[in-house]
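The block underneath contains the structure these notes are about, expressed in structure tokens.
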Amino acid sequence: MATRIKIFDTTLRDGEQTPGASLNIQEKLEIARQLVKLGVDVIEAGFAISSPGDFMAVKTIAENVKGTIIASLSRALEKDIDRAWEAVCNAENPRIHTFLATSDIHMKYKLKMSEEEVLARAIAMVKYAKKYCSDVEFSAEDASRTRVDFLYKVVEEVIKAGATVVNIPDTVGYSSPEEFGQLIRGIRDNVSGIDKVDISVHCHNDLGLAVANSLAALRNGATQLECTVNGLGERAGNASIEEIIMGINTRKDYYGDIIHNIDTKQIYRTSKLVSSLTGVSVQLNKAIVGANAFAHEAGIHQHGVMAEKTTYEIMTPESIGLSQNRMVLGKLSGKHAFEERLKEMGYNLAADEIAKAFEQFKELADKKKEVLDRDIEALVVEKVSEVEEVYKLDSFQINSGNKVIATATVSLIKNGQPILEAATGDGPINAAFKAIERTVGFELELQDYSLKGVTEGADALGEATVRVAKNDRIYIGRGVSTDIIEASVKAYINAINRVVSEQDKGAANGKETV
Ligand code: KIV
Ligand code: ZN
């Protein structure tokens with residue numbers, strides 16, 4: 001008999017706890033909309049009480065994103081649950097997700113509570129959440145290191161208290177597939193009332209086993225899998241959604257008739273959007289979505305694939321929506337053709353967004369002979385991460401070489417007026433960034449800078465990403481251009497505009513994480 005499983009995406013909560021990842025509300029909303037297209041059953045939109053910014057993000061998503069359950073995390077505390085409910089109450093399908101640690105180590109050192117106290121709190125808080133919301137998930141944090149009899153007891157009691165989903169997290173990524181599978185089987189076989197609820201698992205990747213543990217849990221009765229796009233998450237990350245789904249789909253012979261709602265053709269686009277907006281790039285050899293995932297380098301493999309794809313290819317790039325990067329348009333192409341191609345690629349932009357993207361496309365087509373799908377993708381993602389352009393690039397001039405001190409002159413436009421400044425630095429990029437800082441009148445701490453080609457070839461579009469810090473907040477800036485210095489300059493200005501727009505909104509800092 002077929003088993004329907006649910007995919008719970010926590011990219012916007014646990015995923016955002018990835019060191020260095022940072023998203024504003026608009027970006028979170030954009031990712032949430034894409035997650036709906038991907039077909040996830042639950043979006044954990046954030047941890048409402050952790051900061052005013054997180055609260056607003058959860059609330060905005062709850063009010064604007066339909067077609068899926070929207071959850072907010074909360075500790076097992078009344079004030080957290082109140083705030084979580086305030087954030088999700090207007091969702092089409094709201095969920096409160098409350099958690100409490102159950103392992104000896106957490107109860108002794110972190111909570112300083114006895115088993116009896118933890119059990120009583122778990123029951124009380126599920127009942128409290130239930131007063132607000134019919135859909136309540138309870139997580140026994142650090143479940144994989146919890147005394148099994150106590151775990152059974154907690155799970156049984158929270159079900160009696162009204163939990164509709166019980167989550168068994170491998171919080172520190174400590175478990176192994178066989179062991180974790182047995183833990184889930186044990187819960188299935190020993191907890192009364194378990195058949196009335198979903199058994200969820202939430203695996204971290206500290207030992208590289210998050211996906212393996214999740215799949216082992218699936219084989220032993222788990223009906224909800226918690227995961228993130230690109231495996232983002234606290235420390236080494238969470239189980240990656242794309243690996244779990246492609247594992248299930250590719251090995252139907254092993255996992256059986258599992259039904260899920262994921263449209264695998266949206267996987268690549270979702271991965272790309274998340275990596276661009278978070279500024280956390282995907283490692284080249286990452287399974288499914290890494291740039292090398294479908295590349296065949298060895299001659300013997302290439303030969304095999306040419307003769308018969310299945311010799312070395314267990315799934316197709318098309319199945320995850322990876323286009324063949326075909327040449328799409330050139331500088332003579334009209335707006336209609338451009339718009340059609342965008343639609344074929346799955347982007348539904350508003351008329352003004354299409355007009356702007358088309359302008360950028362025309363500029364690009366002037367510099368680049370063949371405009372490929374990936375170039376268009378880069379332009380569209382740039383649009384998505386757009387922020388109000390308080391500062392706009394007017395012009396820049398750089399002088400650099402191996403025997404001269406790099407000098408940059410940059411002119412930015414603010415309120416229609418040009419501001420011109422010059423600076424020297426260790427190389428052209430450093431000089432340009434310093435000149436930009438002079439024009440805006442403040443400095444940023446540059447934490448990371450990366451530059452990659454969107455496609456191959458000498459006229460390829462370069463995509464620059466900067467991660468900067470200001471007042472304990474992290475901002476990501478992106479810029480694309482066929483000129484790598486221009487791409488870098490644009491990325492820095494983009495980050496500066498984010499700082500300025502957040503300062504204007506007075507967004508709060510000091511987000512708490514779990
Ligand atoms: O890793 C964990 O245990 C968590 C819980 C809050 C579900 O993220
Ligand atoms: Zn977690």
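Chain labels follow the order of the structure tokens: the first chain is A, the next B, and so on; residue numbering restarts at 1 in every chain, and ligands are counted from 1 in their shown order.
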Name all residues at most 9 Å from Val381 in chain A (count only C-alpha atoms; drop same-chain ones fewer than 5 positions away) and give them as a short mmCIF file (atom, residue, chain, number, x, y, z; two decimals) with all heavy atoms, in the first residue's frame.
data_model
loop_
_atom_site.label_atom_id
_atom_site.label_comp_id
_atom_site.auth_asym_id
_atom_site.auth_seq_id
_atom_site.Cartn_x
_atom_site.Cartn_y
_atom_site.Cartn_z
N LYS A 272 19.00 27.26 -6.21
CA LYS A 272 19.68 28.44 -6.73
C LYS A 272 19.20 29.70 -6.01
O LYS A 272 19.99 30.56 -5.60
CB LYS A 272 19.36 28.51 -8.23
CG LYS A 272 20.00 29.59 -9.01
CD LYS A 272 21.37 29.19 -9.46
CE LYS A 272 22.09 30.40 -10.03
NZ LYS A 272 23.41 30.59 -9.63
N LEU A 273 17.89 29.79 -5.85
CA LEU A 273 17.32 30.97 -5.18
C LEU A 273 17.83 31.06 -3.74
O LEU A 273 18.28 32.12 -3.29
CB LEU A 273 15.78 30.86 -5.18
CG LEU A 273 15.04 32.03 -4.54
CD1 LEU A 273 15.14 33.27 -5.42
CD2 LEU A 273 13.57 31.69 -4.30
N SER A 276 21.55 32.01 -3.64
CA SER A 276 21.78 33.41 -3.99
C SER A 276 21.33 34.34 -2.87
O SER A 276 22.03 35.28 -2.53
CB SER A 276 21.01 33.80 -5.24
OG SER A 276 21.48 33.07 -6.31
N LEU A 277 20.17 34.07 -2.31
CA LEU A 277 19.64 35.00 -1.30
C LEU A 277 20.34 34.87 0.05
O LEU A 277 20.49 35.86 0.76
CB LEU A 277 18.13 34.83 -1.14
CG LEU A 277 17.29 35.15 -2.38
CD1 LEU A 277 15.81 35.13 -2.05
CD2 LEU A 277 17.64 36.51 -2.99
N ILE A 376 19.97 34.32 -17.75
CA ILE A 376 18.65 34.89 -17.46
C ILE A 376 18.30 34.63 -16.00
O ILE A 376 17.80 35.51 -15.29
CB ILE A 376 17.59 34.31 -18.41
CG1 ILE A 376 17.92 34.79 -19.82
CG2 ILE A 376 16.18 34.72 -18.01
CD1 ILE A 376 16.85 34.61 -20.83
N GLU A 386 16.33 42.35 -5.02
CA GLU A 386 16.46 43.80 -5.13
C GLU A 386 16.05 44.51 -3.85
O GLU A 386 15.18 44.07 -3.13
CB GLU A 386 15.54 44.28 -6.25
CG GLU A 386 16.28 45.12 -7.25
CD GLU A 386 15.40 45.37 -8.46
OE1 GLU A 386 14.20 45.60 -8.29
OE2 GLU A 386 15.94 45.30 -9.55
#
Fill in: Near-ligand residues for ligand 1, threshold 10 Å, only C-alpha atoms and all ligand atoms, as a ChimeraX atom specification
/A:10,13-15,17,47,73-75,97-101,137-144,167-173,200-204,226,233-234,237-238,513-514
Discussion item. Considering only strand (DSSP E) as DSSP defines it on the backbone, what residues of range 339-457 of chain A qualify? List them as a VMD selection string.
Written reply: chain A and resid 371 to 372 392 to 399 406 to 414 417 to 425 445 to 453
Discussion item. So that I can see what lies close to range 57-67 of chain A, please list as a ChimeraX atom specification the residues with an atom at most 9 Å from it, counting only C-alpha atoms and leaving out residues fewer than 5 positions away in the same chain.
Written reply: /A:24-26,28-29,32-33,36,39,41,44-48,52,72,84,86-94
Store the residues of this selection in a file with C-alpha atoms, as a PDB file, in the first residue's frame.
ATOM      1  CA  ASN A  24      15.419  39.916   5.054  1.00  0.00           C
ATOM      2  CA  ILE A  25      11.626  39.647   5.133  1.00  0.00           C
ATOM      3  CA  GLN A  26      11.186  40.162   1.391  1.00  0.00           C
ATOM      4  CA  LYS A  28      12.055  35.042   3.130  1.00  0.00           C
ATOM      5  CA  LEU A  29       8.712  35.686   1.461  1.00  0.00           C
ATOM      6  CA  ALA A  32       8.413  30.730   0.969  1.00  0.00           C
ATOM      7  CA  ARG A  33       6.601  31.276  -2.355  1.00  0.00           C
ATOM      8  CA  VAL A  36       5.031  26.316  -2.240  1.00  0.00           C
ATOM      9  CA  GLY A  39       5.334  21.424  -3.006  1.00  0.00           C
ATOM     10  CA  ASP A  41       3.616  20.417   3.111  1.00  0.00           C
ATOM     11  CA  GLU A  44       8.574  26.557   9.313  1.00  0.00           C
ATOM     12  CA  ALA A  45       8.777  30.282   8.702  1.00  0.00           C
ATOM     13  CA  GLY A  46      10.825  31.210  11.764  1.00  0.00           C
ATOM     14  CA  PHE A  47      11.023  31.402  15.528  1.00  0.00           C
ATOM     15  CA  ALA A  48       8.607  34.229  16.254  1.00  0.00           C
ATOM     16  CA  PRO A  52      10.974  41.408  16.040  1.00  0.00           C
ATOM     17  CA  SER A  72       6.383  28.984  13.986  1.00  0.00           C
ATOM     18  CA  ALA A  84       4.089  32.057  17.850  1.00  0.00           C
ATOM     19  CA  GLU A  86       0.249  35.885  17.144  1.00  0.00           C
ATOM     20  CA  ALA A  87       2.538  35.353  14.159  1.00  0.00           C
ATOM     21  CA  VAL A  88       0.748  32.417  12.499  1.00  0.00           C
ATOM     22  CA  CYS A  89      -2.885  32.997  13.484  1.00  0.00           C
ATOM     23  CA  ASN A  90      -3.831  34.447  10.091  1.00  0.00           C
ATOM     24  CA  ALA A  91      -2.339  31.592   8.093  1.00  0.00           C
ATOM     25  CA  GLU A  92      -4.649  29.461   5.981  1.00  0.00           C
ATOM     26  CA  ASN A  93      -3.301  26.452   7.919  1.00  0.00           C
ATOM     27  CA  PRO A  94      -1.368  27.494  11.029  1.00  0.00           C
TER      28      PRO A  94
END
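Using only C-alpha atoms, the contacts of range 398-403 of chain A at a cut-off of 9 Å, with sequence neighbours closer than 3 positions omitted, comprise Ala406, Thr407, Ala408, Thr409, Val410, Gly427, Pro428, Ile429, Ala431, Ala432 and Ile485 of chain A.
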Practice prompt. Just the residues within 12 Å of Lys153 in chain A, please, counting only C-alpha atoms, with nothing from its chain fewer than 2 positions along; format it as a list in words.
Written response: Thr102, Glu115, Glu116, Val118, Leu119, Ala120, Ala122, Ile123, Ala140, Thr146, Arg147, Val148, Asp149, Phe150, Leu151, Val155, Glu156, Glu157, Val158, Ile159, Lys160, Ile187, Asn190, Val191, Ser192, Gly193 and Ile194 of chain A
How would the residues just picked look written out with C-alpha atoms as an mmCIF file, in the first residue's frame?
data_model
loop_
_atom_site.group_PDB
_atom_site.id
_atom_site.type_symbol
_atom_site.label_atom_id
_atom_site.label_comp_id
_atom_site.auth_asym_id
_atom_site.auth_seq_id
_atom_site.Cartn_x
_atom_site.Cartn_y
_atom_site.Cartn_z
ATOM 1 C CA THR A 102 14.341 15.355 27.001
ATOM 2 C CA GLU A 115 12.231 14.166 34.252
ATOM 3 C CA GLU A 116 8.970 14.771 36.118
ATOM 4 C CA VAL A 118 10.035 18.136 31.900
ATOM 5 C CA LEU A 119 7.128 15.753 31.386
ATOM 6 C CA ALA A 120 4.717 18.063 33.208
ATOM 7 C CA ALA A 122 5.643 19.284 27.899
ATOM 8 C CA ILE A 123 2.056 18.239 28.640
ATOM 9 C CA ALA A 140 11.572 16.171 22.107
ATOM 10 C CA THR A 146 17.166 10.499 25.433
ATOM 11 C CA ARG A 147 16.539 7.475 27.671
ATOM 12 C CA VAL A 148 14.187 5.433 25.506
ATOM 13 C CA ASP A 149 11.568 4.671 28.181
ATOM 14 C CA PHE A 150 11.355 8.348 29.058
ATOM 15 C CA LEU A 151 11.048 9.278 25.371
ATOM 16 C CA VAL A 155 5.599 11.083 23.310
ATOM 17 C CA GLU A 156 2.600 9.184 24.695
ATOM 18 C CA GLU A 157 1.648 11.960 27.081
ATOM 19 C CA VAL A 158 1.959 14.812 24.556
ATOM 20 C CA ILE A 159 -0.269 12.848 22.193
ATOM 21 C CA LYS A 160 -2.857 12.572 24.993
ATOM 22 C CA ILE A 187 8.190 4.447 19.110
ATOM 23 C CA ASN A 190 5.466 0.902 21.981
ATOM 24 C CA VAL A 191 3.656 4.224 22.226
ATOM 25 C CA SER A 192 -0.086 4.054 22.475
ATOM 26 C CA GLY A 193 -1.967 6.545 20.317
ATOM 27 C CA ILE A 194 0.976 6.884 17.918
#
Residues near Val282 in chain A, cut-off 9 Å, only C-alpha atoms, skip fewer than 2 positions along chain, as an mmCIF file with N, CA, C and O atoms, in the first residue's frame:
data_model
loop_
_atom_site.group_PDB
_atom_site.id
_atom_site.type_symbol
_atom_site.label_atom_id
_atom_site.label_comp_id
_atom_site.auth_asym_id
_atom_site.auth_seq_id
_atom_site.Cartn_x
_atom_site.Cartn_y
_atom_site.Cartn_z
ATOM 1 N N ASN A 230 19.333 22.754 0.217
ATOM 2 C CA ASN A 230 20.804 22.725 0.183
ATOM 3 C C ASN A 230 21.402 22.205 1.494
ATOM 4 O O ASN A 230 22.599 22.360 1.739
ATOM 5 N N SER A 271 17.038 25.614 -5.127
ATOM 6 C CA SER A 271 18.410 25.594 -4.595
ATOM 7 C C SER A 271 19.145 26.868 -4.966
ATOM 8 O O SER A 271 19.826 27.497 -4.151
ATOM 9 N N LYS A 272 18.996 27.257 -6.211
ATOM 10 C CA LYS A 272 19.681 28.439 -6.735
ATOM 11 C C LYS A 272 19.195 29.705 -6.011
ATOM 12 O O LYS A 272 19.988 30.563 -5.603
ATOM 13 N N SER A 275 20.549 29.702 -2.419
ATOM 14 C CA SER A 275 21.986 30.006 -2.299
ATOM 15 C C SER A 275 22.253 31.463 -2.652
ATOM 16 O O SER A 275 23.061 32.129 -2.005
ATOM 17 N N VAL A 280 25.053 31.700 0.759
ATOM 18 C CA VAL A 280 25.784 30.465 1.093
ATOM 19 C C VAL A 280 25.829 29.615 -0.169
ATOM 20 O O VAL A 280 24.818 29.048 -0.594
ATOM 21 N N LEU A 284 30.669 22.425 -4.972
ATOM 22 C CA LEU A 284 30.647 21.894 -6.339
ATOM 23 C C LEU A 284 30.182 20.446 -6.414
ATOM 24 O O LEU A 284 29.447 20.057 -7.312
ATOM 25 N N ASN A 285 30.645 19.634 -5.448
ATOM 26 C CA ASN A 285 30.326 18.204 -5.532
ATOM 27 C C ASN A 285 29.136 17.814 -4.654
ATOM 28 O O ASN A 285 28.967 16.656 -4.320
ATOM 29 N N LYS A 286 28.307 18.788 -4.302
ATOM 30 C CA LYS A 286 27.113 18.478 -3.502
ATOM 31 C C LYS A 286 26.184 17.578 -4.325
ATOM 32 O O LYS A 286 25.945 17.836 -5.514
ATOM 33 N N VAL A 289 22.390 18.996 -6.425
ATOM 34 C CA VAL A 289 22.375 20.381 -6.913
ATOM 35 C C VAL A 289 23.756 21.008 -7.072
ATOM 36 O O VAL A 289 23.857 22.167 -7.487
ATOM 37 N N GLY A 290 24.825 20.282 -6.758
ATOM 38 C CA GLY A 290 26.171 20.826 -6.966
ATOM 39 C C GLY A 290 26.457 20.944 -8.459
ATOM 40 O O GLY A 290 25.907 20.190 -9.267
ATOM 41 N N ALA A 291 27.345 21.901 -8.813
ATOM 42 C CA ALA A 291 27.620 22.116 -10.243
ATOM 43 C C ALA A 291 28.168 20.858 -10.914
ATOM 44 O O ALA A 291 28.014 20.661 -12.124
#
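With only C-alpha atoms and all ligand atoms as the basis for measurement, A:Ala239 is the residue among A:Val136, A:Ala469, A:Leu111, A:Ala239 that approaches ligand 2 most closely.
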